[in-house]
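Down below is the structure, laid out as structure tokens.
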Amino acid sequence: MFPITGDKSLLKFTGKPLILHQIDGAVKAGLKRFVIIANPENITELKPIVAGIPGIAADFVIQQKPSGMADALLSASSLLAEEPFILVNSNDIFEASAYTQLLSEYHRNSNYSSYITAYPVPNYFPGGYLVLNKDNEISHIVEKPPKGEEPSHLINIVIHLHSQPQKLLQYLADTKSAADDVYERALDQMIQDGLKMKAIIYNGAWQAIKYPWHILDAVDYFLSRLPGRISSTARISDKAVIDGNTVIEDNVRVLEGAVIRGPCYIGRNSIIGNGVLLRNSIIGDDCVVGYGTEVKHSYIGDRCWFHSNYIGDSVIEGDCSFGAGTVLANFRLDEANISMKVGSDELDTDHDKLGAMVGRGCRTGINASIMPGIRVGPNSFVGPHVCLTNDLEANKMALAEPRYRVLSNETKLVESKRKELLRKLAK
Amino acid sequence: MFPITGDKSLLKFTGKPLILHQIDGAVKAGLKRFVIIANPENITELKPIVAGIPGIAADFVIQQKPSGMADALLSASSLLAEEPFILVNSNDIFEASAYTQLLSEYHRNSNYSSYITAYPVPNYFPGGYLVLNKDNEISHIVEKPPKGEEPSHLINIVIHLHSQPQKLLQYLADTKSAADDVYERALDQMIQDGLKMKAIIYNGAWQAIKYPWHILDAVDYFLSRLPGRISSTARISDKAVIDGNTVIEDNVRVLEGAVIRGPCYIGRNSIIGNGVLLRNSIIGDDCVVGYGTEVKHSYIGDRCWFHSNYIGDSVIEGDCSFGAGTVLANFRLDEANISMKVGSDELDTDHDKLGAMVGRGCRTGINASIMPGIRVGPNSFVGPHVCLTNDLEANKMALAEPRYRVLSNETKLVESKRKELLRKLAK
Amino acid sequence: MFPITGDKSLLKFTGKPLILHQIDGAVKAGLKRFVIIANPENITELKPIVAGIPGIAADFVIQQKPSGMADALLSASSLLAEEPFILVNSNDIFEASAYTQLLSEYHRNSNYSSYITAYPVPNYFPGGYLVLNKDNEISHIVEKPPKGEEPSHLINIVIHLHSQPQKLLQYLADTKSAADDVYERALDQMIQDGLKMKAIIYNGAWQAIKYPWHILDAVDYFLSRLPGRISSTARISDKAVIDGNTVIEDNVRVLEGAVIRGPCYIGRNSIIGNGVLLRNSIIGDDCVVGYGTEVKHSYIGDRCWFHSNYIGDSVIEGDCSFGAGTVLANFRLDEANISMKVGSDELDTDHDKLGAMVGRGCRTGINASIMPGIRVGPNSFVGPHVCLTNDLEANKMALAEPRYRVLSNETKLVESKRKELLRKLAK
């Protein structure tokens, strides 16, 4: 997820951390009891956020080391053993209907040991593929088959109802694997041992946040479901334009000539400056989107300051500030897809429009240029007049080498020329 | 004409190829039969365009090699021999009155073998100068006299009515010259042999398109004669401004805050974005003039995409795309005239405001800078952050050398400072 | 004051040279007779300006060499000897109440030989500190004590009423000093010799213009006292916004979409272009603030041309012209105070927001970047694409070294891609 350092489940979308969006969906589907498996890093932030939700009961378990889903479930085994539960990954985004589908199937026929959400994919996806028999019972799970050898077009997504938790926990404890696939192996073993699992085909939206650009997909997801709303404390110039579905939070100011082309979300206290163009974006709290800036299809965290910038298809984590004339390129001259280096691999993002991914606390100078798909690590500065062509690690400064000569100026200007120009303009 | 590669007579102005503007003028003057001398390259495009004009008869002749006007006429001799004809150069722009003047003089007195349009020039022009006797009969044609030795202030422009075509064709066939001046020599020989030619003084507009920047003169010509018109299918924001004579074609969209300062022409399906300023320009079909762009006194072909650019006094042939922050400079710091290299000569364009001439299919990156009078050959890319100081040939890429150092960032920011700034702004 | 070369007392603020603002204040306090001590350089400009004021009597004296205040007074001794006078420094800015305070104290009790204005300073200031006894009589003046050793929080500012001019002039003539402090030494000697001086504590605004950035403080001073007024000959688009106290002089044009956030002053004949944002600034006469420019808290002299620029916290003396995309940075990435080299010292300006100081007759090219606090000497050019990181002397050109490679362009574009993009946008 470099350069995004915050916990994914705490990333705010349209004013709410992801975890709250998740719980909201579950509550909508009628669920009331939650077991949150946190880690030592996010527990202190997570707890008060979840604790504030009325009408639910939440228990917290800390998984000491991030060692996979099976380990996570075993950490919480005392809380999970007693009654059927639904397992979800807090970084995945999906609709409440995924829960209701599982629940209604379970209520219809509770004989299956597990109810597994199956997600149809049109193209290859590096996940676990489900092989079904005629009653949508699962006969096999094939983990990450090579491209072209997919046994079906249905992948296993982790929205699983387990009706016999003790049995599941036993299998998890008994399964050994060097890789991070104990949970999947355990499920497959259960199937091989004759336990019945039902696939529930889910046609709604689903999005995993695995790489930083997936945040933009999440932006699309949340914006498309946004109920428009303008706070009564927002001050919006009558010379500004708000077009399409938009949420404008408390104390926001939208100045003259600004155009907000929804769907957009603008967080508390933010200022949308004169002549700004905002399209399909989430803007955090306490931001200043200054004069002459365009923000298009981007995720902007809290406390960002922009000024005569173009920011397109970009993710800016928060506390960032861009100098006038800084442009984030989002389209290659050759119009090819944008790739990013992840580990030693050059990963095709499958996007031909993708800007920069900028970590928390970055600054750019005036007239800086950042190439498509470049990542800027947290607390790094991109100096004025820099054209950033490579990723920048955290806590770095990229400084342009000054490259100019100073000569004597021998020019003689014709004074009347400017007067003539002004006369023409004044007509 | 580098970098403009298209056939000049097919260059579109205000939605119509130049050839159609020419024929329109002739039709207005009552002419109905046309002989078009094409070449193997432009014939396939020319033919259907001309064929679509109702009420005229057009014959096409192909001149196999571009070897001058005399050769062109001789290629068409079978079609031209029978009746008087008017010869014009399809790349010259002039008013219908030039035809009517010739025709009315011919109808008044048809005894002259030729009626030659004479154009008064205030300053030296490298053309053929006419020496007249008292009845405006031509006594001599002096081809390209040296500056200061002009025998008159009248130049010969090729709007010629020949009343005795067979005689003319004979002279053309008999005249030999190593240079491209057979037609002019033949005329002069006819005069020396006692054939009478009448000069018709024409005071209307006339513009030859010889060098690419002449396209801007043609823009002025056509825009100044534009009858304003807004298509009923155009969608124009009530927060946009249309000021002065402007043609807006079908399906154009003009977004909020855009200002169109006529005369302007905007071709079909084009989008004029938020806050755009358009002045005295022709915009082709299917263009996107994006947010924060100014286009001033320029020729923009079809399918161009701009985004936060300044484009002034420039010619952009078509299918071009400019990155955010690309600026075409159009005025030198020393305010001198802009010159262009044509062959080995540095030619003074006589313009102190002149931008870039950009061929078909070019791209520029973000924050690219192009110097005044620079030419960019077709299918060439000017990379991000490049300051282009020399012409670029066709099919090239100019790429900036990355010039920055990466250091450790030791800055400690004072958190309260930003809060204080926001508090001030929020007032 | 480099790069500002004009005489400080002739610097125009809100349409009037500083000297006129000064005299206005004195006239308001009831003063009618003036002795102006000029120098050989400014006398020809000063004289007609002051001569034009109705209802006052003004005498001019020329001090041949700039050799301090004592010498100035002695140059004018014949005019000053006869009656009490008030001495002020024409480059200091203060309110009329400073005069009235002095005068009313003098009328109450005319026994003091001098009445000295005392200005309370919250922090250290490198000036002369007043030590008072209980009746606000001055017991001592301590010139520039080291920081931390100030004997009081009151500094001596040169608004002094001298009731016994002959005695003062005698002391001035008798005092010798190698440094530029004869006047201050003479005053102190007078006190030591038993002449009584009264300190008058002044709590109004006071601003010396010593360094070029002090001009911005003067901008604040004059703008905050501006009575709003729009000339009947100004043409202001009804699509422009004028918000807050603003003076708009004769023949000014404000185009569509411009926003003027007062207090602002716009001089005669200036054009404020489309979409321009102007905040807390003084714009001179005959300026063109072109499309897409923001001017914030700046001093702009006469005949300046801007075009798609950002100009913040800057002083531009006059006759300057900036290319599209030129940005004057006004805030460091590390948010530290901006310092300037004065002589061999690096002087902390005490401002964290400070742009450039640009002398008369400068030009910048397109996409030029100028760092915070940089000074550009008069008649110097900053070339296109230059990132100016050091001060530029007068009459220089800074030219970017072209740094790009030209390669063959092997890109094959997919034609349908652009069509698809246009189709999406057209929705």
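Here, A, B, ... name the chains of the structure tokens in the order displayed, residue numbers run from 1 inside each chain, and ligands are numbered from 1 in the same displayed order.
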
Which residues of chain B come within 7 Å of chain C, and what is each one's closest atom pair and distance in Å (one decimal), counting only C-alpha atoms, sorted by chain and residue number, as a Markdown table?
| residue | atom | partner | partner_atom | distance |
| --- | --- | --- | --- | --- |
| B:Gly257 | CA | C:Gly257 | CA | 6.9 |
| B:Val327 | CA | C:Ile366 | CA | 6.8 |
| B:Ala329 | CA | C:Ile366 | CA | 6.4 |
| B:Leu333 | CA | C:Arg363 | CA | 6.4 |
| B:Ser369 | CA | C:Ile366 | CA | 6.8 |
| B:Ser380 | CA | C:Asn409 | CA | 6.6 |
| B:Val386 | CA | C:Tyr404 | CA | 6.5 |
| B:Cys387 | CA | C:His385 | CA | 6.4 |
| B:Asn395 | CA | C:Asn409 | CA | 5.1 |
| B:Lys396 | CA | C:Ser408 | CA | 4.5 |
| B:Met397 | CA | C:Leu407 | CA | 5.1 |
| B:Ala398 | CA | C:Val406 | CA | 4.4 |
| B:Leu399 | CA | C:Tyr404 | CA | 5.1 |
| B:Ala400 | CA | C:Tyr404 | CA | 4.1 |
| B:Glu401 | CA | C:Tyr404 | CA | 5.4 |
| B:Thr411 | CA | C:Asp334 | CA | 5.9 |
| B:Leu413 | CA | C:Asp334 | CA | 6.4 |

Please produce a file of those selected residues containing N, CA and C atoms, as a CSV table (one decimal), in the first residue's frame.
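And here is the file that came out, selection20.csv:
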chain,number,residue,atom,x,y,z
B,257,GLY,N,-18.8,29.3,-16.8
B,257,GLY,CA,-17.6,30.2,-16.6
B,257,GLY,C,-16.8,30.4,-17.8
B,327,VAL,N,2.4,25.6,-22.2
B,327,VAL,CA,2.2,27.0,-22.6
B,327,VAL,C,2.9,27.2,-23.9
B,329,ALA,N,4.5,30.0,-25.9
B,329,ALA,CA,4.8,31.4,-25.9
B,329,ALA,C,4.6,32.1,-27.2
B,333,LEU,N,10.8,38.0,-25.2
B,333,LEU,CA,11.1,38.9,-24.1
B,333,LEU,C,11.6,40.2,-24.7
B,369,SER,N,6.9,23.8,-22.3
B,369,SER,CA,7.0,25.2,-22.7
B,369,SER,C,7.5,25.2,-24.2
B,380,SER,N,4.8,14.1,-33.5
B,380,SER,CA,5.9,14.3,-32.5
B,380,SER,C,5.4,14.6,-31.1
B,386,VAL,N,9.6,19.8,-20.7
B,386,VAL,CA,10.5,20.2,-21.8
B,386,VAL,C,10.3,21.7,-22.1
B,387,CYS,N,11.4,22.4,-22.3
B,387,CYS,CA,11.3,23.8,-22.8
B,387,CYS,C,11.8,23.7,-24.2
B,395,ASN,N,7.7,12.9,-36.2
B,395,ASN,CA,7.9,11.6,-35.6
B,395,ASN,C,9.1,11.5,-34.6
B,396,LYS,N,9.2,12.6,-33.8
B,396,LYS,CA,10.2,12.7,-32.8
B,396,LYS,C,9.6,12.8,-31.4
B,397,MET,N,10.5,12.5,-30.4
B,397,MET,CA,10.1,12.8,-29.1
B,397,MET,C,11.2,13.7,-28.4
B,398,ALA,N,10.8,14.8,-27.8
B,398,ALA,CA,11.7,15.6,-27.1
B,398,ALA,C,11.5,15.2,-25.6
B,399,LEU,N,12.5,14.7,-24.9
B,399,LEU,CA,12.4,14.3,-23.5
B,399,LEU,C,13.3,15.1,-22.6
B,400,ALA,N,12.8,15.6,-21.6
B,400,ALA,CA,13.6,16.3,-20.6
B,400,ALA,C,14.5,15.4,-19.9
B,401,GLU,N,15.7,15.8,-19.7
B,401,GLU,CA,16.6,15.0,-18.8
B,401,GLU,C,16.2,15.3,-17.4
B,411,THR,N,13.3,18.5,7.6
B,411,THR,CA,12.4,19.6,8.0
B,411,THR,C,11.5,19.1,9.2
B,413,LEU,N,8.2,20.6,10.7
B,413,LEU,CA,7.1,21.6,10.5
B,413,LEU,C,6.5,21.9,11.8

Self-check item: Backbone DSSP call of helix (DSSP H, G or I) for stretch 62-301 of chain A, listed as a PyMOL selection string
Solution: chain A and resi 68-75+77-80+96-108+165-174+182-192+214-224

Output for the residues just chosen: C-alpha atoms as a compact mmCIF listing (two decimals), in the first residue's frame:
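Final output, saved to again15.txt:
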# COMPACT_ATOMS: atom_id res chain seq x y z
CA GLY A 68 -3.33 -14.52 8.18
CA MET A 69 -7.03 -15.08 8.47
CA ALA A 70 -6.86 -18.51 10.15
CA ASP A 71 -4.68 -17.13 12.91
CA ALA A 72 -7.04 -14.18 13.26
CA LEU A 73 -10.01 -16.47 13.72
CA LEU A 74 -8.15 -18.68 16.19
CA SER A 75 -7.22 -15.56 18.21
CA SER A 77 -11.95 -18.61 19.03
CA SER A 78 -13.50 -18.21 22.47
CA LEU A 79 -15.84 -15.54 21.11
CA LEU A 80 -16.63 -17.31 17.87
CA ALA A 96 -25.44 -5.04 2.37
CA SER A 97 -27.21 -7.43 0.00
CA ALA A 98 -24.21 -9.74 0.26
CA TYR A 99 -25.14 -10.29 3.91
CA THR A 100 -28.86 -10.66 3.31
CA GLN A 101 -28.27 -13.22 0.55
CA LEU A 102 -26.18 -15.37 2.91
CA LEU A 103 -28.67 -15.00 5.74
CA SER A 104 -31.74 -15.79 3.70
CA GLU A 105 -30.09 -18.91 2.26
CA TYR A 106 -29.11 -20.00 5.76
CA HIS A 107 -32.63 -19.44 7.04
CA ARG A 108 -34.04 -21.37 4.08
CA PRO A 165 -17.94 -22.62 14.09
CA GLN A 166 -16.40 -25.24 16.38
CA LYS A 167 -15.79 -27.57 13.49
CA LEU A 168 -14.26 -24.77 11.44
CA LEU A 169 -11.98 -23.72 14.28
CA GLN A 170 -10.86 -27.34 14.69
CA TYR A 171 -9.94 -27.58 11.01
CA LEU A 172 -8.10 -24.25 11.21
CA ALA A 173 -6.09 -25.45 14.17
CA ASP A 174 -5.25 -28.72 12.42
CA VAL A 182 -4.39 -21.92 6.03
CA TYR A 183 -8.00 -20.72 5.96
CA GLU A 184 -8.51 -21.64 2.31
CA ARG A 185 -6.82 -25.03 2.75
CA ALA A 186 -8.98 -25.75 5.79
CA LEU A 187 -12.15 -24.98 3.83
CA ASP A 188 -11.03 -27.23 1.01
CA GLN A 189 -10.21 -30.01 3.45
CA MET A 190 -13.66 -29.68 5.01
CA ILE A 191 -15.19 -30.12 1.57
CA GLN A 192 -12.99 -33.12 0.85
CA HIS A 214 -7.92 0.66 -5.46
CA ILE A 215 -8.76 3.60 -3.24
CA LEU A 216 -10.03 5.30 -6.40
CA ASP A 217 -12.36 2.39 -7.05
CA ALA A 218 -13.61 2.81 -3.50
CA VAL A 219 -14.14 6.51 -4.21
CA ASP A 220 -16.35 5.54 -7.13
CA TYR A 221 -18.22 3.04 -4.99
CA PHE A 222 -18.99 5.43 -2.17
CA LEU A 223 -19.69 8.46 -4.35
CA SER A 224 -22.14 6.53 -6.49

Quiz item: So which bits of stretch 318-392 of chain A end up strand (DSSP E) when you DSSP the backbone, as a ChimeraX atom specification?
Solution: /A:321-322,327-328,338-342,345-351,357-358,363-364,369-370,375-376,381-382,387-388

Exercise. Find the residues near B:Leu161: any atom within 10 Å, counting only C-alpha atoms, skip ones fewer than 2 places away on the same chain, and give them as a ChimeraX atom specification.
Key: /B:84-88,99,102-103,106,112-117,158-159,163-165,197-198

Exercise. Excluding stretch 135-149 of chain B and residues on its chain fewer than 6 positions from it, collect all residues at most 6 Å away from it, counting only C-alpha atoms, and give them as a list in words.
Key: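 Listing them by chain and then by number gives Pro126, Gly127, Gly128, Tyr129, Met197, Lys198 and Ala199 of chain B.
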
Self-check item: Separation of atom CA of A:Asp285 from atom CA of A:Phe13 in Å
Solution: 11.1 Å

Quiz prompt | Atom pair atom CA of A:Ile93 / atom CA of A:Trp206: separation (Å) | solution = 5.5 Å

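Pairwise distance (atom CA of B:Asp391, atom CA of B:Leu18) equals 26.8 Å.
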